[in-house]
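Q: I'd like to ask some things about the structure below.
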Amino acid sequence: MSLHGTGTGEGFLAVDSGGSGLRVVVGAPGRVHTAPRESRVPVRTGARGIDPGHLMEQLTPMVRALLPEAGVTGLDTAVVGAAGLATLGDALRAELPGALEREFGVRTVALVADAVTAYTGALGPRPGAVVAAGTGLIAIGTDLESWRRADGWGHLLGDCGGGAWIGRAGLEAALRAHDGRSGGSAALLARAEESFGPVRELPGRLYPRTDRPAVLASFAPQVAACAGSDPVAGRILREAARHMADSAAAVCPAEGEAHVSLTGGLFRMGAALVVPLEEELRRRLPHARQVTAAGGPLEGSVQIATELARGSLTLPSDESMLYVVTPKRG
């Protein structure tokens, strides 16, 4: 059953689609939006990139359940924040706006890279830079004229300073200690064997896995736990901080008032990482004001949806980062 044409269309839909699944809210400008509905099934990717049919398959029942909770009878605006949009979003851009219009009567759709929703959730429509760090790492910045991104190239080619990078560096230090090579850490060797068993068996356990980045990132908290007493672990986190500051400096506006913020689960590791990173940011970006992130990617989707619905969106459009489809005139 389609909801097209059944209501006033005053509502908005905001979606955060990432590696762990979907989070969805429905609301209206100036009113409290619903609590998020969640699906823990990540949207499939294939030869065509992110699968719009699988996204709609999960999204439709959640939206139908949320509409009465939100007190709206129709939807006019939708914002879908999606991991991988920049490189895997061709099918979404081609098909999702039409699918949302057919199913819910949505007329204005924004397809947004998850880095942009993370930026918006953290800083809102202000110039600056955001470092988003979890298993991977990306920095994104804007002067409100265009977007700039740095890193986000995955654990084999980049994501320098992210969780997988820190975990891999910690395991390398453990293997160096096992071999008796310089640069090793007995403390990290002990932690590695507690986590994974005998380290001589680690290549056979790790290399065949399809979730290698997550496995590597699972060791990052162990590196942080050793950093206060182990010089090798401390150096790894300081180097991670330098990599993050490099990415932030590459995207932050060089002139005028700018803000810089940190978002993502990696920063839950606490002071062992955050303190050296804040020092590096002060050194590399002395003109930028460091601020606490106001929210996360879902809050960013909500803010973009609210501003789109009001016609007040000031963030720059970009086909790969913030792609807006509006009703055809005439």
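We name chains A, B, ... following the order of the structure tokens; residues begin at 1 in each chain, and ligands are numbered from 1 as shown.
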Please run DSSP on the backbone and report, as a VMD selection string, all residues within stretch 35-259 of chain A that come out as strand (DSSP E or B).
A: chain A and resid 37 to 39 45 to 46 49 to 50 75 to 82 108 to 113 128 to 133 137 to 142 147 to 151 258 to 259
Q: Tell me which protein, DNA and RNA residues are within 10 Å of A:Gln58, counting only C-alpha atoms, leaving out same-chain ones fewer than 3 positions away, and put them as a VMD selection string.
A: chain A and resid 21 to 22 38 to 39 41 to 43 53 to 55 61 to 63
Q: Go ahead and save the residues from that selection, with all heavy atoms, as a PDB file, in the first residue's frame.
A:
ATOM      1  N   GLY A  21      23.632  -1.001  10.473  1.00  0.00           N
ATOM      2  CA  GLY A  21      22.202  -1.036  10.205  1.00  0.00           C
ATOM      3  C   GLY A  21      21.617   0.342   9.968  1.00  0.00           C
ATOM      4  O   GLY A  21      22.328   1.277   9.587  1.00  0.00           O
ATOM      5  N   LEU A  22      20.307   0.455  10.210  1.00  0.00           N
ATOM      6  CA  LEU A  22      19.558   1.684   9.954  1.00  0.00           C
ATOM      7  C   LEU A  22      19.003   2.255  11.245  1.00  0.00           C
ATOM      8  O   LEU A  22      18.564   1.507  12.127  1.00  0.00           O
ATOM      9  CB  LEU A  22      18.345   1.409   9.053  1.00  0.00           C
ATOM     10  CG  LEU A  22      18.518   1.097   7.579  1.00  0.00           C
ATOM     11  CD1 LEU A  22      17.151   0.821   6.980  1.00  0.00           C
ATOM     12  CD2 LEU A  22      19.161   2.255   6.864  1.00  0.00           C
ATOM     13  N   GLU A  38      15.122   1.201  14.813  1.00  0.00           N
ATOM     14  CA  GLU A  38      16.400   0.663  14.369  1.00  0.00           C
ATOM     15  C   GLU A  38      16.228  -0.675  13.679  1.00  0.00           C
ATOM     16  O   GLU A  38      15.354  -1.460  14.023  1.00  0.00           O
ATOM     17  CB  GLU A  38      17.368   0.481  15.558  1.00  0.00           C
ATOM     18  CG  GLU A  38      17.758   1.765  16.244  1.00  0.00           C
ATOM     19  CD  GLU A  38      18.865   1.551  17.267  1.00  0.00           C
ATOM     20  OE1 GLU A  38      19.566   0.519  17.170  1.00  0.00           O
ATOM     21  OE2 GLU A  38      19.030   2.398  18.145  1.00  0.00           O
ATOM     22  N   SER A  39      17.082  -0.911  12.693  1.00  0.00           N
ATOM     23  CA  SER A  39      17.290  -2.233  12.113  1.00  0.00           C
ATOM     24  C   SER A  39      18.768  -2.528  12.216  1.00  0.00           C
ATOM     25  O   SER A  39      19.595  -1.689  11.869  1.00  0.00           O
ATOM     26  CB  SER A  39      16.851  -2.263  10.652  1.00  0.00           C
ATOM     27  OG  SER A  39      17.385  -3.418  10.004  1.00  0.00           O
ATOM     28  N   VAL A  41      20.321  -4.730  10.514  1.00  0.00           N
ATOM     29  CA  VAL A  41      20.750  -5.379   9.266  1.00  0.00           C
ATOM     30  C   VAL A  41      21.322  -4.307   8.342  1.00  0.00           C
ATOM     31  O   VAL A  41      20.572  -3.448   7.855  1.00  0.00           O
ATOM     32  CB  VAL A  41      19.571  -6.097   8.579  1.00  0.00           C
ATOM     33  CG1 VAL A  41      20.035  -6.757   7.281  1.00  0.00           C
ATOM     34  CG2 VAL A  41      18.939  -7.121   9.518  1.00  0.00           C
ATOM     35  N   PRO A  42      22.622  -4.307   8.078  1.00  0.00           N
ATOM     36  CA  PRO A  42      23.180  -3.304   7.171  1.00  0.00           C
ATOM     37  C   PRO A  42      22.603  -3.436   5.765  1.00  0.00           C
ATOM     38  O   PRO A  42      22.301  -4.543   5.304  1.00  0.00           O
ATOM     39  CB  PRO A  42      24.683  -3.612   7.170  1.00  0.00           C
ATOM     40  CG  PRO A  42      24.923  -4.416   8.408  1.00  0.00           C
ATOM     41  CD  PRO A  42      23.667  -5.189   8.639  1.00  0.00           C
ATOM     42  N   VAL A  43      22.432  -2.317   5.092  1.00  0.00           N
ATOM     43  CA  VAL A  43      21.940  -2.330   3.720  1.00  0.00           C
ATOM     44  C   VAL A  43      22.996  -2.988   2.826  1.00  0.00           C
ATOM     45  O   VAL A  43      24.184  -2.695   2.925  1.00  0.00           O
ATOM     46  CB  VAL A  43      21.638  -0.907   3.227  1.00  0.00           C
ATOM     47  CG1 VAL A  43      21.213  -0.921   1.758  1.00  0.00           C
ATOM     48  CG2 VAL A  43      20.543  -0.281   4.086  1.00  0.00           C
ATOM     49  N   GLY A  53      16.707  -1.145  -3.320  1.00  0.00           N
ATOM     50  CA  GLY A  53      15.590  -2.019  -3.003  1.00  0.00           C
ATOM     51  C   GLY A  53      15.678  -2.571  -1.598  1.00  0.00           C
ATOM     52  O   GLY A  53      14.673  -2.630  -0.871  1.00  0.00           O
ATOM     53  N   HIS A  54      16.869  -2.979  -1.175  1.00  0.00           N
ATOM     54  CA  HIS A  54      17.037  -3.506   0.185  1.00  0.00           C
ATOM     55  C   HIS A  54      16.836  -2.407   1.223  1.00  0.00           C
ATOM     56  O   HIS A  54      16.281  -2.649   2.302  1.00  0.00           O
ATOM     57  CB  HIS A  54      18.431  -4.125   0.328  1.00  0.00           C
ATOM     58  CG  HIS A  54      18.623  -4.897   1.580  1.00  0.00           C
ATOM     59  ND1 HIS A  54      19.722  -4.757   2.387  1.00  0.00           N
ATOM     60  CD2 HIS A  54      17.835  -5.827   2.193  1.00  0.00           C
ATOM     61  CE1 HIS A  54      19.622  -5.562   3.428  1.00  0.00           C
ATOM     62  NE2 HIS A  54      18.492  -6.224   3.334  1.00  0.00           N
ATOM     63  N   LEU A  55      17.281  -1.192   0.895  1.00  0.00           N
ATOM     64  CA  LEU A  55      17.035  -0.072   1.796  1.00  0.00           C
ATOM     65  C   LEU A  55      15.542   0.163   1.981  1.00  0.00           C
ATOM     66  O   LEU A  55      15.043   0.287   3.110  1.00  0.00           O
ATOM     67  CB  LEU A  55      17.718   1.181   1.262  1.00  0.00           C
ATOM     68  CG  LEU A  55      17.486   2.488   2.032  1.00  0.00           C
ATOM     69  CD1 LEU A  55      17.919   2.366   3.481  1.00  0.00           C
ATOM     70  CD2 LEU A  55      18.220   3.643   1.366  1.00  0.00           C
ATOM     71  N   PRO A  61       8.445  -0.511   6.429  1.00  0.00           N
ATOM     72  CA  PRO A  61       7.644  -0.815   7.625  1.00  0.00           C
ATOM     73  C   PRO A  61       7.970   0.085   8.813  1.00  0.00           C
ATOM     74  O   PRO A  61       7.082   0.405   9.617  1.00  0.00           O
ATOM     75  CB  PRO A  61       7.986  -2.283   7.923  1.00  0.00           C
ATOM     76  CG  PRO A  61       9.246  -2.566   7.189  1.00  0.00           C
ATOM     77  CD  PRO A  61       9.267  -1.661   6.008  1.00  0.00           C
ATOM     78  N   MET A  62       9.227   0.526   8.929  1.00  0.00           N
ATOM     79  CA  MET A  62       9.575   1.413  10.036  1.00  0.00           C
ATOM     80  C   MET A  62       8.892   2.765   9.881  1.00  0.00           C
ATOM     81  O   MET A  62       8.363   3.323  10.849  1.00  0.00           O
ATOM     82  CB  MET A  62      11.094   1.576  10.137  1.00  0.00           C
ATOM     83  CG  MET A  62      11.806   0.330  10.625  1.00  0.00           C
ATOM     84  SD  MET A  62      13.533   0.625  11.117  1.00  0.00           S
ATOM     85  CE  MET A  62      14.328   0.687   9.515  1.00  0.00           C
ATOM     86  N   VAL A  63       8.877   3.292   8.669  1.00  0.00           N
ATOM     87  CA  VAL A  63       8.246   4.590   8.438  1.00  0.00           C
ATOM     88  C   VAL A  63       6.746   4.501   8.675  1.00  0.00           C
ATOM     89  O   VAL A  63       6.141   5.387   9.301  1.00  0.00           O
ATOM     90  CB  VAL A  63       8.549   5.095   7.017  1.00  0.00           C
ATOM     91  CG1 VAL A  63       7.782   6.375   6.719  1.00  0.00           C
ATOM     92  CG2 VAL A  63      10.052   5.344   6.857  1.00  0.00           C
TER      93      VAL A  63
END
Q: Between A:Pro213, A:Gly121, A:Gly270, A:Pro198, which one has atoms that come closest to A:His155, using only C-alpha atoms?
A: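 Among A:Pro213, A:Gly121, A:Gly270, A:Pro198, it is A:Pro213 that comes nearest to A:His155.
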Q: How many Å lie between atom CA of A:Cys160 and atom CA of A:Glu239, rounded to one decimal?
A: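 Those two atoms sit 9.3 Å apart.
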Q: Enter the distance from atom CA of A:Val80 to atom CA of A:Leu144, in Å, rounded to one decimal.
A: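 Those two atoms sit 20.3 Å apart.
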Q: List as a PyMOL selection string the protein and nucleic acid residues near A:Ala129, meaning an atom at most 7 Å away when only C-alpha atoms are counted, but skip any in the same chain fewer than 2 places from it.
A: chain A and resi 131+139-142+248+251-252+259-261
Q: From the set A:Gly197, A:Gly265, A:Gly27, A:Gly74, which residue has the shortest atom-to-atom contact distance to A:Pro297, counting only C-alpha atoms?
A: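 Of all the options, A:Gly265 lies closest to A:Pro297.
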Q: Have a look at A:Leu277, A:Leu111, A:Leu137, A:Ala217 and name the one nearest to A:Asp318; count only C-alpha atoms.
A: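 That would be A:Leu111, the residue with the smallest distance to A:Asp318.
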Q: Which residues come within 9 Å of stretch 281-283 of chain A, counting only C-alpha atoms, excluding same-chain residues fewer than 3 positions away, as a list in words?
A: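 These residues fall inside the cut-off: Ala241, Arg242, Met244, Ala245, Asp246, Ala248, Ala249, Val260, Pro276, Leu277, Glu278, Pro286, His287, Ala288, Arg289 and Gln290 of chain A.
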Q: Check the smallest atom-to-atom distance from each of A:Val232, A:Thr210, A:Val324, A:Arg149 to A:Ala305 using only C-alpha atoms, then report the winner.
A: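 For A:Ala305, the nearest of the candidates is A:Val324.
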Q: Run DSSP on the backbone and tell me which residues of stretch 73-279 of chain A come out as alpha helix (DSSP H); list them as a PyMOL selection string.
A: chain A and resi 85-88+90-104+114-123+163-179+186-196+202-206+212-217+220-226+231-251+271-279
Q: Which is closer to A:Arg37 than all the others in A:Val291, A:Thr306, A:Arg102, A:Leu298, using only C-alpha atoms?
A: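 Going through A:Val291, A:Thr306, A:Arg102, A:Leu298 one by one, the smallest distance to A:Arg37 is for A:Leu298.
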Q: Please list as a compact mmCIF listing (two decimals) with all heavy atoms, in the first residue's frame every residue within 8 Å of A:Ala187, counting only C-alpha atoms and excluding residues in the same chain fewer than 2 positions away.
A:
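part01.txt, written as the output of this step:
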# COMPACT_ATOMS: atom_id res chain seq x y z
N ALA A 174 53.39 -6.04 19.20
CA ALA A 174 53.35 -7.32 19.92
C ALA A 174 54.20 -8.37 19.20
O ALA A 174 54.98 -9.12 19.83
CB ALA A 174 51.91 -7.80 20.04
N SER A 185 56.75 -4.44 22.15
CA SER A 185 56.14 -4.13 23.45
C SER A 185 55.70 -5.42 24.12
O SER A 185 54.80 -6.11 23.63
CB SER A 185 54.93 -3.21 23.25
OG SER A 185 54.12 -3.20 24.43
N LEU A 189 52.24 -7.53 23.71
CA LEU A 189 52.30 -8.97 23.41
C LEU A 189 51.40 -9.74 24.38
O LEU A 189 50.62 -10.61 23.96
CB LEU A 189 53.74 -9.46 23.51
CG LEU A 189 53.94 -10.97 23.35
CD1 LEU A 189 53.42 -11.47 22.01
CD2 LEU A 189 55.42 -11.33 23.53
N ALA A 190 51.48 -9.41 25.65
CA ALA A 190 50.63 -10.10 26.63
C ALA A 190 49.16 -9.84 26.35
O ALA A 190 48.32 -10.77 26.41
CB ALA A 190 51.00 -9.64 28.05
N ARG A 191 48.80 -8.60 26.02
CA ARG A 191 47.41 -8.27 25.71
C ARG A 191 46.94 -8.99 24.45
O ARG A 191 45.80 -9.45 24.35
CB ARG A 191 47.26 -6.76 25.53
CG ARG A 191 47.57 -5.96 26.78
CD ARG A 191 46.33 -5.64 27.54
NE ARG A 191 46.62 -4.82 28.71
CZ ARG A 191 45.68 -4.15 29.39
NH1 ARG A 191 44.42 -4.21 29.00
NH2 ARG A 191 46.01 -3.44 30.45
N CYS A 226 47.26 0.38 27.65
CA CYS A 226 48.69 0.28 27.97
C CYS A 226 49.43 1.61 27.86
O CYS A 226 50.58 1.72 28.30
CB CYS A 226 49.36 -0.72 27.03
SG CYS A 226 48.85 -2.44 27.27
N ASP A 230 53.23 2.10 29.06
CA ASP A 230 54.07 1.47 28.04
C ASP A 230 54.45 2.50 26.98
O ASP A 230 53.58 3.03 26.29
CB ASP A 230 53.32 0.31 27.38
CG ASP A 230 54.16 -0.38 26.33
OD1 ASP A 230 55.15 -1.04 26.69
OD2 ASP A 230 53.84 -0.24 25.12
Q: Could you name the residues that touch A:Trp153 at 12 Å or less, counting only C-alpha atoms, but leaving out those on the same chain fewer than 2 positions away, as a PyMOL selection string?
A: chain A and resi 84+86-87+135-139+149-151+155-162+165+247
Q: Now that the selection is made, can you save its residues with N, CA and C atoms as a PDB file, in the first residue's frame?
A:
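As written to disk, part-v7.pdb reads:
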ATOM      1  N   GLY A  84      29.285   5.203   2.470  1.00  0.00           N
ATOM      2  CA  GLY A  84      29.684   4.766   1.143  1.00  0.00           C
ATOM      3  C   GLY A  84      29.009   5.489   0.005  1.00  0.00           C
ATOM      4  N   ALA A  86      29.539   8.321  -1.464  1.00  0.00           N
ATOM      5  CA  ALA A  86      30.395   8.982  -2.442  1.00  0.00           C
ATOM      6  C   ALA A  86      30.882   8.024  -3.522  1.00  0.00           C
ATOM      7  N   THR A  87      31.186   6.785  -3.145  1.00  0.00           N
ATOM      8  CA  THR A  87      31.747   5.840  -4.107  1.00  0.00           C
ATOM      9  C   THR A  87      30.781   4.737  -4.507  1.00  0.00           C
ATOM     10  N   THR A 135      36.192   2.443  13.430  1.00  0.00           N
ATOM     11  CA  THR A 135      37.088   1.463  12.820  1.00  0.00           C
ATOM     12  C   THR A 135      37.974   2.144  11.790  1.00  0.00           C
ATOM     13  N   GLY A 136      37.388   3.028  10.983  1.00  0.00           N
ATOM     14  CA  GLY A 136      38.129   3.822  10.009  1.00  0.00           C
ATOM     15  C   GLY A 136      38.264   5.252  10.457  1.00  0.00           C
ATOM     16  N   LEU A 137      38.660   6.117   9.519  1.00  0.00           N
ATOM     17  CA  LEU A 137      38.807   7.530   9.853  1.00  0.00           C
ATOM     18  C   LEU A 137      38.633   8.374   8.599  1.00  0.00           C
ATOM     19  N   ILE A 138      37.872   9.444   8.750  1.00  0.00           N
ATOM     20  CA  ILE A 138      37.732  10.426   7.688  1.00  0.00           C
ATOM     21  C   ILE A 138      37.631  11.795   8.337  1.00  0.00           C
ATOM     22  N   ALA A 139      38.161  12.794   7.654  1.00  0.00           N
ATOM     23  CA  ALA A 139      37.973  14.183   8.072  1.00  0.00           C
ATOM     24  C   ALA A 139      37.208  14.897   6.976  1.00  0.00           C
ATOM     25  N   ARG A 149      37.218  16.594   1.776  1.00  0.00           N
ATOM     26  CA  ARG A 149      37.398  15.405   2.604  1.00  0.00           C
ATOM     27  C   ARG A 149      38.837  14.942   2.522  1.00  0.00           C
ATOM     28  N   ALA A 150      39.284  14.289   3.582  1.00  0.00           N
ATOM     29  CA  ALA A 150      40.628  13.718   3.613  1.00  0.00           C
ATOM     30  C   ALA A 150      40.562  12.345   4.257  1.00  0.00           C
ATOM     31  N   ASP A 151      41.314  11.431   3.694  1.00  0.00           N
ATOM     32  CA  ASP A 151      41.381  10.032   4.108  1.00  0.00           C
ATOM     33  C   ASP A 151      40.013   9.375   3.935  1.00  0.00           C
ATOM     34  N   HIS A 155      41.181   0.438   5.323  1.00  0.00           N
ATOM     35  CA  HIS A 155      42.297   0.045   6.190  1.00  0.00           C
ATOM     36  C   HIS A 155      43.541  -0.378   5.411  1.00  0.00           C
ATOM     37  N   LEU A 156      43.433  -0.707   4.123  1.00  0.00           N
ATOM     38  CA  LEU A 156      44.620  -1.076   3.357  1.00  0.00           C
ATOM     39  C   LEU A 156      45.332   0.134   2.775  1.00  0.00           C
ATOM     40  N   LEU A 157      44.592   1.194   2.476  1.00  0.00           N
ATOM     41  CA  LEU A 157      45.165   2.348   1.793  1.00  0.00           C
ATOM     42  C   LEU A 157      45.223   3.599   2.658  1.00  0.00           C
ATOM     43  N   GLY A 158      44.572   3.600   3.802  1.00  0.00           N
ATOM     44  CA  GLY A 158      44.531   4.814   4.611  1.00  0.00           C
ATOM     45  C   GLY A 158      43.831   4.580   5.926  1.00  0.00           C
ATOM     46  N   ASP A 159      42.815   5.430   6.214  1.00  0.00           N
ATOM     47  CA  ASP A 159      42.160   5.450   7.527  1.00  0.00           C
ATOM     48  C   ASP A 159      43.202   5.629   8.635  1.00  0.00           C
ATOM     49  N   CYS A 160      44.193   6.466   8.349  1.00  0.00           N
ATOM     50  CA  CYS A 160      45.348   6.609   9.244  1.00  0.00           C
ATOM     51  C   CYS A 160      44.931   7.233  10.575  1.00  0.00           C
ATOM     52  N   GLY A 161      45.246   6.555  11.647  1.00  0.00           N
ATOM     53  CA  GLY A 161      44.879   7.010  12.975  1.00  0.00           C
ATOM     54  C   GLY A 161      43.579   6.425  13.481  1.00  0.00           C
ATOM     55  N   GLY A 162      42.825   5.728  12.626  1.00  0.00           N
ATOM     56  CA  GLY A 162      41.560   5.132  13.037  1.00  0.00           C
ATOM     57  C   GLY A 162      41.759   3.868  13.865  1.00  0.00           C
ATOM     58  N   TRP A 165      43.792   1.077  12.258  1.00  0.00           N
ATOM     59  CA  TRP A 165      45.196   1.496  12.172  1.00  0.00           C
ATOM     60  C   TRP A 165      45.877   1.338  13.530  1.00  0.00           C
ATOM     61  N   SER A 247      44.816  15.154   8.743  1.00  0.00           N
ATOM     62  CA  SER A 247      43.583  15.113   7.957  1.00  0.00           C
ATOM     63  C   SER A 247      42.711  16.324   8.258  1.00  0.00           C
TER      64      SER A 247
END
Q: Which neighbours of A:Ile50 fall inside 10 Å, counting only C-alpha atoms, when residues of the same chain fewer than 5 positions from it are skipped, and could you give them as a list in words?
A: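 That gives Val43, Arg44, Thr45, Leu55, Ala82, Ala83, Gly84, Leu85, Thr87, Leu88, Gly89, Asp90, Ala91, Leu92 and Arg93 of chain A.
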